[in-house]
$ cat protein-v4.txt   # compact mmCIF, C-alpha atoms and all ligand atoms
# COMPACT_ATOMS: atom_id res chain seq x y z
CA MET A 1 -26.29 18.87 12.94
CA SER A 2 -27.02 18.20 9.27
CA ALA A 3 -28.70 15.01 8.15
CA ARG A 4 -26.07 14.44 5.47
CA ALA A 5 -24.43 11.04 5.40
CA TYR A 6 -21.20 10.43 7.29
CA VAL A 7 -18.19 10.50 4.97
CA VAL A 8 -16.57 7.13 5.65
CA PHE A 9 -12.79 7.25 5.25
CA GLY A 10 -11.57 5.11 2.34
CA ALA A 11 -14.98 4.00 1.04
CA PRO A 12 -14.39 2.24 -2.31
CA LEU A 13 -16.04 3.09 -5.64
CA ILE A 14 -17.67 -0.13 -6.86
CA GLY A 15 -19.48 -0.04 -10.22
CA GLU A 16 -22.23 -2.11 -11.79
CA GLU A 17 -19.59 -3.96 -13.86
CA GLU A 18 -17.94 -5.33 -10.71
CA ILE A 19 -21.32 -6.36 -9.30
CA ALA A 20 -22.36 -8.10 -12.53
CA GLU A 21 -19.01 -9.93 -12.78
CA VAL A 22 -19.27 -11.20 -9.20
CA VAL A 23 -22.80 -12.47 -9.87
CA GLU A 24 -21.65 -14.14 -13.08
CA CYS A 25 -18.76 -15.73 -11.19
CA LEU A 26 -21.13 -17.05 -8.52
CA ARG A 27 -23.39 -18.50 -11.22
CA SER A 28 -20.47 -20.05 -13.09
CA GLY A 29 -19.91 -22.65 -10.37
CA TRP A 30 -16.20 -21.71 -10.09
CA ILE A 31 -15.56 -19.30 -7.23
CA GLY A 32 -12.09 -20.42 -6.10
CA THR A 33 -8.80 -19.78 -7.87
CA GLY A 34 -9.48 -20.18 -11.57
CA PRO A 35 -10.00 -18.45 -14.90
CA ARG A 36 -10.83 -15.01 -13.50
CA VAL A 37 -7.66 -14.95 -11.38
CA ALA A 38 -5.69 -15.87 -14.51
CA ARG A 39 -7.34 -13.03 -16.46
CA PHE A 40 -6.74 -10.56 -13.64
CA GLU A 41 -3.05 -11.53 -13.44
CA ALA A 42 -2.69 -11.08 -17.20
CA ALA A 43 -4.42 -7.68 -17.07
CA PHE A 44 -2.29 -6.53 -14.12
CA ALA A 45 0.92 -7.67 -15.85
CA ALA A 46 -0.15 -5.75 -18.97
CA TYR A 47 -0.84 -2.64 -16.87
CA LYS A 48 2.66 -2.88 -15.42
CA GLY A 49 4.20 -3.69 -18.81
CA VAL A 50 5.71 -7.00 -17.67
CA SER A 51 5.27 -10.55 -18.95
CA ARG A 52 2.50 -12.69 -17.54
CA ASP A 53 4.91 -15.02 -15.69
CA ARG A 54 6.25 -12.17 -13.57
CA VAL A 55 3.10 -11.75 -11.46
CA ALA A 56 1.22 -13.94 -8.98
CA ALA A 57 -2.09 -13.00 -7.37
CA VAL A 58 -2.50 -13.61 -3.63
CA ASN A 59 -5.08 -12.78 -0.99
CA SER A 60 -3.36 -9.73 0.56
CA CYS A 61 -0.31 -7.52 0.36
CA THR A 62 0.75 -8.97 3.71
CA ALA A 63 0.80 -12.42 2.06
CA ALA A 64 2.67 -10.96 -0.92
CA LEU A 65 5.33 -9.46 1.36
CA HIS A 66 5.68 -12.69 3.37
CA VAL A 67 6.06 -14.89 0.31
CA ALA A 68 8.37 -12.40 -1.46
CA MET A 69 10.56 -12.30 1.64
CA ILE A 70 10.93 -16.11 1.46
CA ALA A 71 11.31 -16.26 -2.32
CA ALA A 72 14.10 -13.66 -2.08
CA GLY A 73 16.20 -16.44 -0.51
CA LEU A 74 17.61 -14.45 2.42
CA SER A 75 19.60 -16.09 5.23
CA PRO A 76 17.69 -16.95 8.42
CA GLY A 77 17.79 -14.00 10.82
CA ALA A 78 19.15 -11.59 8.20
CA GLU A 79 18.48 -7.88 8.74
CA VAL A 80 15.93 -6.15 6.56
CA ILE A 81 15.84 -2.33 6.52
CA THR A 82 12.47 -0.62 6.30
CA THR A 83 10.63 2.54 7.33
CA PRO A 84 8.95 3.24 10.68
CA LEU A 85 6.20 5.15 8.81
CA THR A 86 4.29 2.18 7.43
CA PHE A 87 1.51 -0.21 8.26
CA CYS A 88 2.45 -2.92 10.76
CA ALA A 89 2.07 -5.59 8.05
CA THR A 90 5.39 -4.53 6.49
CA VAL A 91 7.31 -5.40 9.63
CA ASN A 92 5.14 -8.37 10.62
CA ALA A 93 5.91 -10.00 7.25
CA ILE A 94 9.64 -9.56 7.90
CA LEU A 95 9.27 -11.20 11.31
CA HIS A 96 7.07 -14.04 9.98
CA ALA A 97 9.76 -14.81 7.39
CA GLY A 98 12.27 -15.32 10.24
CA LEU A 99 14.13 -12.10 9.49
CA LYS A 100 15.05 -9.09 11.62
CA PRO A 101 13.47 -5.71 10.84
CA VAL A 102 15.76 -2.68 11.20
CA LEU A 103 14.25 0.80 10.88
CA ALA A 104 15.68 3.74 8.96
CA ASP A 105 14.03 7.12 9.46
CA VAL A 106 12.02 8.93 6.79
CA ASP A 107 12.68 12.13 4.92
CA GLU A 108 10.65 15.02 6.37
CA GLN A 109 9.40 16.23 2.97
CA SER A 110 8.63 13.01 1.10
CA GLN A 111 7.78 10.97 4.22
CA CYS A 112 9.46 8.05 2.41
CA ILE A 113 12.51 6.22 3.75
CA ASP A 114 15.64 8.40 3.68
CA PRO A 115 18.48 6.84 1.64
CA ASP A 116 21.09 8.36 3.99
CA ALA A 117 19.36 6.66 6.92
CA ILE A 118 19.39 3.36 5.00
CA GLU A 119 23.15 3.63 4.52
CA ALA A 120 23.62 4.40 8.19
CA ALA A 121 21.56 1.32 9.16
CA ILE A 122 23.50 -1.18 7.03
CA SER A 123 25.42 -3.83 8.96
CA PRO A 124 27.27 -6.99 7.87
CA ARG A 125 23.99 -8.87 8.45
CA THR A 126 21.83 -6.64 6.22
CA GLU A 127 20.43 -8.53 3.23
CA ALA A 128 17.41 -6.54 2.04
CA ILE A 129 15.67 -3.17 1.89
CA VAL A 130 11.87 -2.77 1.93
CA PRO A 131 10.99 0.74 0.74
CA VAL A 132 7.36 1.85 1.04
CA HIS A 133 6.12 4.30 -1.60
CA PHE A 134 4.34 6.33 1.06
CA ALA A 135 0.90 7.77 0.16
CA GLY A 136 1.68 6.91 -3.48
CA ARG A 137 4.82 9.06 -3.75
CA PRO A 138 7.78 7.14 -5.19
CA CYS A 139 10.77 6.57 -2.94
CA ASP A 140 14.16 7.73 -4.22
CA MET A 141 14.65 4.47 -6.14
CA ASP A 142 17.77 5.67 -7.98
CA ARG A 143 19.64 5.99 -4.72
CA ILE A 144 18.02 2.98 -3.08
CA MET A 145 18.92 0.69 -6.00
CA ALA A 146 22.46 2.10 -6.03
CA ILE A 147 22.83 1.33 -2.31
CA ALA A 148 21.39 -2.15 -2.86
CA LYS A 149 23.80 -2.83 -5.69
CA LYS A 150 26.81 -1.56 -3.77
CA HIS A 151 26.03 -3.78 -0.75
CA GLY A 152 24.49 -6.75 -2.62
CA LEU A 153 21.05 -6.33 -1.05
CA ALA A 154 17.65 -7.52 -2.25
CA VAL A 155 14.93 -4.89 -2.66
CA ILE A 156 11.28 -5.68 -1.98
CA GLU A 157 9.04 -2.69 -2.71
CA ASP A 158 5.93 -2.31 -0.57
CA CYS A 159 3.61 -0.90 -3.25
CA ALA A 160 0.42 -1.02 -1.17
CA HIS A 161 -0.15 2.71 -1.89
CA ALA A 162 1.50 2.73 -5.26
CA ILE A 163 -0.33 0.88 -8.01
CA GLU A 164 -0.17 3.89 -10.35
CA THR A 165 3.17 5.27 -9.09
CA GLU A 166 5.98 5.89 -11.57
CA LEU A 167 9.43 7.42 -11.41
CA ALA A 168 11.27 8.58 -14.53
CA GLY A 169 9.04 6.39 -16.67
CA SER A 170 9.46 3.20 -14.61
CA LYS A 171 6.58 1.74 -12.67
CA ALA A 172 6.53 1.04 -8.94
CA GLY A 173 7.20 -2.62 -8.27
CA THR A 174 9.59 -2.98 -11.23
CA PHE A 175 12.66 -1.38 -9.61
CA GLY A 176 13.46 -4.04 -7.05
CA ASP A 177 13.49 -7.83 -6.97
CA PHE A 178 9.84 -7.86 -5.96
CA GLY A 179 6.93 -5.42 -5.71
CA CYS A 180 3.99 -6.20 -3.44
CA PHE A 181 0.56 -4.66 -4.05
CA SER A 182 -2.58 -4.43 -1.91
CA PHE A 183 -6.18 -4.61 -3.02
CA TYR A 184 -7.60 -4.07 0.47
CA ALA A 185 -10.95 -2.25 0.75
CA THR A 186 -9.43 1.23 1.14
CA LYS A 187 -6.71 0.91 -1.51
CA ASN A 188 -6.68 2.47 -4.99
CA LEU A 189 -7.88 -0.81 -6.51
CA THR A 190 -9.90 -3.13 -4.31
CA THR A 191 -10.90 -6.77 -4.37
CA ALA A 192 -12.10 -6.47 -0.72
CA GLU A 193 -8.98 -8.40 0.28
CA GLY A 194 -6.28 -9.19 -2.23
CA GLY A 195 -2.72 -8.66 -3.33
CA MET A 196 -0.21 -9.20 -6.11
CA ILE A 197 3.46 -10.09 -6.22
CA LEU A 198 5.45 -8.76 -9.13
CA GLY A 199 8.96 -10.08 -9.62
CA ARG A 200 11.95 -9.43 -11.80
CA ASP A 201 12.63 -13.16 -12.10
CA SER A 202 9.87 -15.49 -13.34
CA GLU A 203 11.40 -18.52 -11.60
CA ARG A 204 11.11 -16.82 -8.23
CA ILE A 205 7.52 -15.88 -9.05
CA ALA A 206 6.84 -19.52 -9.87
CA ARG A 207 8.16 -20.39 -6.43
CA ALA A 208 6.09 -17.62 -4.80
CA ARG A 209 3.02 -19.09 -6.47
CA ILE A 210 3.79 -22.53 -5.02
CA LEU A 211 4.44 -21.04 -1.57
CA ALA A 212 1.09 -19.23 -1.76
CA LEU A 213 -0.82 -22.50 -2.19
CA HIS A 214 0.39 -24.98 0.44
CA GLY A 215 3.67 -25.60 -1.37
CA MET A 216 1.83 -27.75 -3.90
CA SER A 217 3.44 -28.30 -7.31
CA LYS A 218 2.10 -25.97 -9.94
CA ASP A 219 -0.39 -28.31 -11.57
CA ALA A 220 -2.33 -28.09 -8.31
CA TRP A 221 -3.95 -24.89 -9.55
CA HIS A 222 -5.71 -26.95 -12.19
CA ARG A 223 -6.36 -30.18 -10.33
CA PHE A 224 -10.16 -30.03 -10.56
CA SER A 225 -10.47 -28.34 -13.96
CA ASP A 226 -12.11 -29.78 -17.08
CA LYS A 227 -8.73 -31.23 -18.05
CA GLY A 228 -9.41 -34.03 -15.58
CA TYR A 229 -7.98 -34.73 -12.12
CA ARG A 230 -4.25 -34.19 -11.71
CA HIS A 231 -2.16 -35.48 -8.83
CA TYR A 232 -0.15 -32.81 -7.06
CA GLN A 233 3.06 -33.03 -5.09
CA VAL A 234 3.89 -30.99 -2.01
CA VAL A 235 7.34 -29.61 -2.70
CA GLU A 236 7.67 -27.24 0.29
CA CYS A 237 5.79 -26.06 3.37
CA GLY A 238 3.62 -23.32 1.94
CA PHE A 239 0.76 -21.08 3.02
CA LYS A 240 -2.89 -20.57 2.09
CA TYR A 241 -2.58 -17.25 0.30
CA ASN A 242 -4.32 -17.79 -3.06
CA MET A 243 -6.71 -15.25 -4.55
CA THR A 244 -10.23 -16.42 -5.45
CA ASP A 245 -12.16 -15.82 -8.67
CA LEU A 246 -14.70 -13.81 -6.67
CA GLN A 247 -11.95 -11.37 -5.72
CA ALA A 248 -10.56 -11.32 -9.27
CA ALA A 249 -14.07 -10.60 -10.60
CA LEU A 250 -13.91 -7.32 -8.67
CA GLY A 251 -10.30 -6.71 -9.63
CA LEU A 252 -10.84 -7.01 -13.39
CA HIS A 253 -13.26 -4.08 -13.42
CA GLN A 254 -11.45 -2.10 -10.74
CA LEU A 255 -8.38 -2.27 -12.97
CA ALA A 256 -10.44 -1.05 -15.92
CA ARG A 257 -11.47 2.06 -13.95
CA LEU A 258 -8.06 2.61 -12.31
CA GLU A 259 -7.04 5.60 -14.46
CA ALA A 260 -10.43 7.31 -14.20
CA ASN A 261 -10.32 6.94 -10.41
CA TRP A 262 -6.73 8.24 -10.39
CA GLU A 263 -7.83 11.37 -12.30
CA ARG A 264 -10.61 11.94 -9.80
CA ARG A 265 -8.28 11.56 -6.79
CA ARG A 266 -5.75 13.89 -8.40
CA ALA A 267 -8.47 16.54 -8.75
CA LEU A 268 -9.44 16.08 -5.08
CA TRP A 269 -5.81 16.26 -3.98
CA GLU A 270 -5.25 19.47 -5.95
CA ARG A 271 -8.43 21.01 -4.56
CA TYR A 272 -7.23 20.26 -1.02
CA GLN A 273 -3.78 21.68 -1.77
CA GLU A 274 -5.18 25.05 -2.90
CA ALA A 275 -7.96 25.16 -0.30
CA PHE A 276 -5.57 24.71 2.63
CA ALA A 277 -2.72 26.92 1.38
CA ASP A 278 -3.40 29.65 3.95
CA LEU A 279 -4.05 27.46 6.98
CA PRO A 280 -1.51 26.90 9.77
CA ILE A 281 -1.21 23.20 8.86
CA LEU A 282 1.52 21.50 6.86
CA ARG A 283 0.31 20.17 3.53
CA PRO A 284 1.97 17.28 1.66
CA ALA A 285 4.81 18.24 -0.68
CA ASP A 286 3.78 18.55 -4.31
CA PRO A 287 4.70 15.53 -6.46
CA GLU A 288 8.27 15.59 -7.75
CA PRO A 289 8.83 16.27 -11.45
CA GLU A 290 9.38 13.17 -13.59
CA SER A 291 7.22 11.18 -11.22
CA ARG A 292 3.66 9.99 -11.03
CA HIS A 293 2.06 10.15 -7.60
CA ALA A 294 -0.66 7.56 -7.00
CA TYR A 295 -2.64 9.98 -4.77
CA HIS A 296 -3.50 7.22 -2.33
CA LEU A 297 -3.45 9.44 0.78
CA TYR A 298 -3.81 13.15 1.39
CA THR A 299 -2.08 13.77 4.71
CA LEU A 300 -1.98 17.00 6.71
CA ARG A 301 0.18 17.73 9.74
CA VAL A 302 -1.62 19.33 12.64
CA ALA A 303 0.79 20.67 15.25
CA ALA A 304 -0.84 21.94 18.43
CA GLU A 305 1.57 24.92 18.72
CA ARG A 306 0.61 26.30 15.31
CA CYS A 307 -3.02 25.16 15.07
CA GLY A 308 -4.37 25.60 18.59
CA ILE A 309 -5.65 22.03 18.41
CA ASP A 310 -3.76 18.75 18.36
CA ARG A 311 -4.13 15.99 15.79
CA ASP A 312 -6.50 13.86 17.85
CA GLY A 313 -8.63 16.91 18.70
CA PHE A 314 -8.75 17.79 15.00
CA MET A 315 -9.90 14.26 14.11
CA GLN A 316 -12.59 14.38 16.78
CA ALA A 317 -13.82 17.78 15.54
CA LEU A 318 -14.09 16.45 11.97
CA HIS A 319 -15.85 13.33 13.24
CA GLU A 320 -18.41 15.56 14.95
CA ARG A 321 -18.95 17.24 11.58
CA GLY A 322 -19.62 13.89 9.92
CA ILE A 323 -16.20 13.32 8.38
CA GLY A 324 -14.10 10.23 8.94
CA THR A 325 -10.30 10.52 8.87
CA GLY A 326 -7.34 8.17 9.28
CA VAL A 327 -3.79 8.13 10.68
CA HIS A 328 -0.99 6.92 8.39
CA TYR A 329 0.85 6.13 10.55
CA LEU A 330 1.98 6.26 14.12
CA SER A 331 5.68 5.36 13.97
CA LEU A 332 5.90 1.57 14.34
CA ALA A 333 8.20 2.20 17.31
CA GLU A 334 5.16 3.53 19.25
CA HIS A 335 3.66 0.02 19.47
CA PRO A 336 4.25 -2.09 22.58
CA TYR A 337 4.89 -5.38 20.76
CA TYR A 338 7.89 -4.02 18.85
CA GLN A 339 9.13 -2.14 21.90
CA GLN A 340 9.13 -5.37 23.90
CA ARG A 341 10.44 -7.72 21.23
CA LEU A 342 12.89 -5.45 19.45
CA GLY A 343 13.61 -2.71 22.01
CA TRP A 344 12.40 0.04 19.69
CA ARG A 345 11.84 3.55 21.09
CA PRO A 346 10.05 6.26 19.07
CA GLU A 347 12.81 8.82 19.80
CA ASP A 348 15.29 6.74 17.81
CA TRP A 349 13.48 7.70 14.57
CA PRO A 350 12.53 11.30 15.41
CA VAL A 351 11.18 12.38 12.02
CA ALA A 352 8.73 9.46 11.83
CA MET A 353 7.81 10.03 15.48
CA ARG A 354 6.94 13.69 14.87
CA ILE A 355 5.02 12.96 11.66
CA GLY A 356 3.18 10.09 13.32
CA ARG A 357 2.01 12.31 16.18
CA GLU A 358 0.82 15.12 13.85
CA THR A 359 -0.44 13.40 10.71
CA VAL A 360 -4.06 12.98 9.66
CA SER A 361 -5.43 11.66 6.37
CA LEU A 362 -8.50 13.24 4.81
CA PRO A 363 -10.94 11.21 2.67
CA LEU A 364 -9.59 10.86 -0.89
CA SER A 365 -11.83 8.23 -2.47
CA ALA A 366 -12.85 8.60 -6.11
CA ARG A 367 -16.32 8.02 -4.75
CA LEU A 368 -16.46 11.50 -3.19
CA GLY A 369 -18.67 14.03 -4.94
CA ASP A 370 -17.87 17.74 -5.27
CA GLY A 371 -20.37 18.45 -2.48
CA ASP A 372 -18.55 16.06 -0.12
CA VAL A 373 -15.22 17.68 -0.89
CA GLU A 374 -16.45 21.23 -0.30
CA ARG A 375 -18.01 20.05 2.94
CA ILE A 376 -14.65 18.61 4.05
CA VAL A 377 -12.83 21.80 3.02
CA ALA A 378 -15.31 23.96 4.94
CA ALA A 379 -15.10 21.73 8.01
CA VAL A 380 -11.28 21.89 8.06
CA HIS A 381 -11.42 25.70 7.83
CA GLU A 382 -14.04 25.86 10.57
CA VAL A 383 -12.09 23.59 12.93
CA LEU A 384 -8.93 25.63 12.44
CA GLY A 385 -10.87 28.81 13.11
CA ALA A 386 -10.24 30.27 9.68
CA SER A 387 -12.69 31.67 7.21
CA THR A 388 -14.62 29.18 5.09
CA GLY A 389 -15.39 29.19 1.41
CA ARG A 390 -13.44 29.06 -1.80
CA GLY A 391 -10.62 31.16 -3.13
C1 LIG A 401 -2.47 -1.86 3.40
C2 LIG A 401 -0.99 -2.00 3.56
C3 LIG A 401 -0.36 -3.24 3.68
C4 LIG A 401 -1.12 -4.51 3.86
O1 LIG A 401 -2.00 -4.76 2.82
P1 LIG A 401 -3.09 -5.93 2.98
O2 LIG A 401 -3.52 -6.16 1.56
O3 LIG A 401 -4.18 -5.38 3.83
O4 LIG A 401 -2.42 -7.09 3.58
C5 LIG A 401 1.02 -3.29 3.72
N1 LIG A 401 1.75 -2.18 3.65
C6 LIG A 401 1.20 -0.95 3.56
C7 LIG A 401 2.07 0.26 3.47
C8 LIG A 401 -0.20 -0.83 3.52
O5 LIG A 401 -0.76 0.38 3.47

$ encode --input "protein-v4.txt" --output "structure tokens"
Amino acid sequence: MSARAYVVFGAPLIGEEEIAEVVECLRSGWIGTGPRVARFEAAFAAYKGVSRDRVAAVNSCTAALHVAMIAAGLSPGAEVITTPLTFCATVNAILHAGLKPVLADVDEQSQCIDPDAIEAAISPRTEAIVPVHFAGRPCDMDRIMAIAKKHGLAVIEDCAHAIETELAGSKAGTFGDFGCFSFYATKNLTTAEGGMILGRDSERIARARILALHGMSKDAWHRFSDKGYRHYQVVECGFKYNMTDLQAALGLHQLARLEANWERRRALWERYQEAFADLPILRPADPEPESRHAYHLYTLRVAAERCGIDRDGFMQALHERGIGTGVHYLSLAEHPYYQQRLGWRPEDWPVAMRIGRETVSLPLSARLGDGDVERIVAAVHEVLGASTGRG
């Protein structure tokens, strides 16, 4: 066994600038929601090409989804269509907002929600669609927005994988009524925990901002500032979802290195694509033309019949070679809570079920060096019993 360090899946790349900004924030005496959050919101809005009043920072994408679901003004108990191939937070947010999640299967190639399946899932009680730009690949937003328009549905994009994603020149999060972003530790931009809501309508974003801080009127954000104490009013029953300046201190510099990190992940992704071309595994589809893939996840499908090893065996073999991997995702219908509460069965969404049982995500952090990547490539070849080495 080599003494080389374990490759931790999803380890973030944190630079000296982030560290210095966090220290400066700590020394400033203002660590809660304040000037750095305001700067981070402005910088994120500029990155997305939207006005400053169309974004609100929160403390997770889960919080962003929850608040967006409420700010969308849907009827209690309304049905919300989403994908089974997502993180549980997508569906939990729908449930927490008092709405009913309805699954529509994914497309085998893109692994994003299939527009035909959305149409088939629409009922008189459907009021919203939550597409997830899976792995950083854009969903078919032309068709999804057309379906939404035809049926009068809200669209809340789960952009947790998709900060850099674009389709035909438009940026992820700007197609629907809301876009919700994650800055969790493993995501393309991290603030350790954090999120952002982007909205088409600045009034709804103003409401989301109030909901994210106890339902306190907007002056509450400034109540202890150097402008003197301000009374606040509670105008609805909100949550405690605000981002802190410590998180924004990280985010400001993570945003500054976003494109450089994207370039690095693209290079890793392309290296994997060519290195695994001859193996009996299924590689991800290449990015569609006219789109920008965010390269958040590099997912392989390991089918026991073709590979002589199943997905879990493959993960264990890589673990033994010092390489951490992830699963994105088991179909949500595999989980007991949803089976019991909603009666879901994996077989009802067969494409997501098959993908979920075969998929494995390799490390794709910008932090990986060339040596790490070649070690991962060699280990994958070794585990699949093929020859190692380049070319
Ligand atoms: C990570 C993730 C979330 C939740 O993000 P948090 O910031 O951890 O709350 C939601 N949806 C998807 C698809 C994710 O990958």

$ residues_near_ligand --input "protein-v4.txt" --ligand "ligand LIG 401 (chain A)" --cutoff "8 Å" --atoms "all atoms listed in the file" --output "list in words"
Asn59, Ser60, Cys61, Thr62, Ala63, Ala64, Leu65, Thr86, Phe87, Cys88, Ala89, Thr90, Val132, His133, Phe134, Asp158, Cys159, Ala160, His161, Phe181, Ser182, Phe183, Tyr184, Thr186, Lys187, Glu193, Gly194 and Gly195 of chain A

$ residues_near_point --input "protein-v4.txt" --point "(15.8, 0.1, 6.4)" --cutoff "7 Å" --atoms "all atoms listed in the file" --output "VMD selection string"
chain A and resid 80 to 83 102 to 104 118 121 129 to 130

$ atom_distance --input "protein-v4.txt" --atom1 "atom CA of Arg137 of chain A" --atom2 "atom CA of Tyr337 of chain A"
28.4 Å

$ closest_residue --input "protein-v4.txt" --among "A:Gly251, A:Pro84, A:Pro76, A:Pro131" --to "Glu41 of chain A" --atoms "all atoms listed in the file"
A:Gly251

$ residues_around --input "protein-v4.txt" --residues "Asp226 of chain A" --least-positions-apart "6" --cutoff "12 Å" --atoms "only C-alpha atoms" --output "ChimeraX atom specification"
/A:30,34-35

$ atom_distance --input "protein-v4.txt" --atom1 "atom CA of Arg271 of chain A" --atom2 "atom CA of Arg283 of chain A"
11.9 Å

$ atom_distance --input "protein-v4.txt" --atom1 "atom CA of Arg375 of chain A" --atom2 "atom CA of Ile323 of chain A"
8.8 Å

$ residues_around --input "protein-v4.txt" --residues "Met196 of chain A" --least-positions-apart "5" --cutoff "6 Å" --atoms "all atoms listed in the file" --output "list of chain:residue names"
A:Ala56, A:Ala57, A:Val58, A:Cys180, A:Phe181

$ residues_around --input "protein-v4.txt" --residues "Ala208 of chain A" --least-positions-apart "5" --cutoff "8 Å" --atoms "all atoms listed in the file" --output "PyMOL selection string"
chain A and resi 56+67-68+71

$ closest_residue --input "protein-v4.txt" --among "A:Met145, A:Ala352, A:Ile94, A:Leu255" --to "Ile14 of chain A" --atoms "all atoms listed in the file"
A:Leu255

$ residues_around --input "protein-v4.txt" --residues "Gly169 of chain A" --least-positions-apart "3" --cutoff "8 Å" --atoms "only C-alpha atoms" --output "PyMOL selection string"
chain A and resi 166+290-291

$ closest_atom_pairs --input "protein-v4.txt" --of "segment 326-357 of chain A" --to "segment 301-306 of chain A" --cutoff "9 Å" --atoms "all atoms listed in the file" --output "tab-separated table"
residue	atom	partner	partner_atom	distance
A:Ile355	CA	A:Arg301	CA	7.1
A:Gly356	CA	A:Arg301	CA	9.0
A:Arg357	CA	A:Ala303	CA	8.5

$ closest_residue --input "protein-v4.txt" --among "A:Ser217, A:Thr299, A:Ser51, A:Gln254" --to "Ile19 of chain A" --atoms "all atoms listed in the file"
A:Gln254

$ closest_residue --input "protein-v4.txt" --among "A:Gly238, A:Ile156, A:Ser170, A:Ser202" --to "Gly49 of chain A" --atoms "all atoms listed in the file"
A:Ser170

$ residues_around --input "protein-v4.txt" --residues "Val7 of chain A" --least-positions-apart "2" --cutoff "7 Å" --atoms "all atoms listed in the file" --output "ChimeraX atom specification"
/A:5,9,322-324

$ residues_near_point --input "protein-v4.txt" --point "(-3.3, 11.6, 10.1)" --cutoff "6 Å" --atoms "only C-alpha atoms" --output "ChimeraX atom specification"
/A:299,326-328,359-361

$ build_atoms --input "protein-v4.txt" --residues "segment 172-186 of chain A" --atoms "N, CA and C atoms" --output "short mmCIF file (atom, residue, chain, number, x, y, z; two decimals), in the frame of the given file"
data_model
loop_
_atom_site.label_atom_id
_atom_site.label_comp_id
_atom_site.auth_asym_id
_atom_site.auth_seq_id
_atom_site.Cartn_x
_atom_site.Cartn_y
_atom_site.Cartn_z
N ALA A 172 6.29 1.58 -10.28
CA ALA A 172 6.53 1.04 -8.94
C ALA A 172 6.34 -0.47 -8.97
N GLY A 173 7.25 -1.16 -8.31
CA GLY A 173 7.20 -2.62 -8.27
C GLY A 173 8.15 -3.26 -9.27
N THR A 174 8.67 -2.43 -10.22
CA THR A 174 9.59 -2.98 -11.23
C THR A 174 11.03 -2.54 -10.98
N PHE A 175 11.28 -1.80 -9.91
CA PHE A 175 12.66 -1.38 -9.61
C PHE A 175 13.42 -2.49 -8.91
N GLY A 176 12.78 -3.07 -7.91
CA GLY A 176 13.46 -4.04 -7.05
C GLY A 176 13.31 -5.47 -7.54
N ASP A 177 13.65 -6.41 -6.65
CA ASP A 177 13.49 -7.83 -6.97
C ASP A 177 12.02 -8.21 -6.98
N PHE A 178 11.27 -7.60 -6.04
CA PHE A 178 9.84 -7.86 -5.96
C PHE A 178 9.10 -6.55 -5.66
N GLY A 179 7.85 -6.49 -6.12
CA GLY A 179 6.93 -5.42 -5.71
C GLY A 179 5.67 -6.08 -5.19
N CYS A 180 5.16 -5.58 -4.07
CA CYS A 180 3.99 -6.20 -3.44
C CYS A 180 2.86 -5.18 -3.38
N PHE A 181 1.71 -5.57 -3.90
CA PHE A 181 0.56 -4.66 -4.05
C PHE A 181 -0.60 -5.13 -3.17
N SER A 182 -1.41 -4.13 -2.74
CA SER A 182 -2.58 -4.43 -1.91
C SER A 182 -3.86 -4.04 -2.62
N PHE A 183 -4.84 -4.92 -2.52
CA PHE A 183 -6.18 -4.61 -3.02
C PHE A 183 -7.20 -4.64 -1.89
N TYR A 184 -6.74 -4.22 -0.71
CA TYR A 184 -7.60 -4.07 0.47
C TYR A 184 -8.70 -3.04 0.17
N ALA A 185 -9.75 -3.06 0.99
CA ALA A 185 -10.95 -2.25 0.75
C ALA A 185 -10.67 -0.77 0.54
N THR A 186 -9.66 -0.22 1.24
CA THR A 186 -9.43 1.23 1.14
C THR A 186 -8.39 1.59 0.07
#
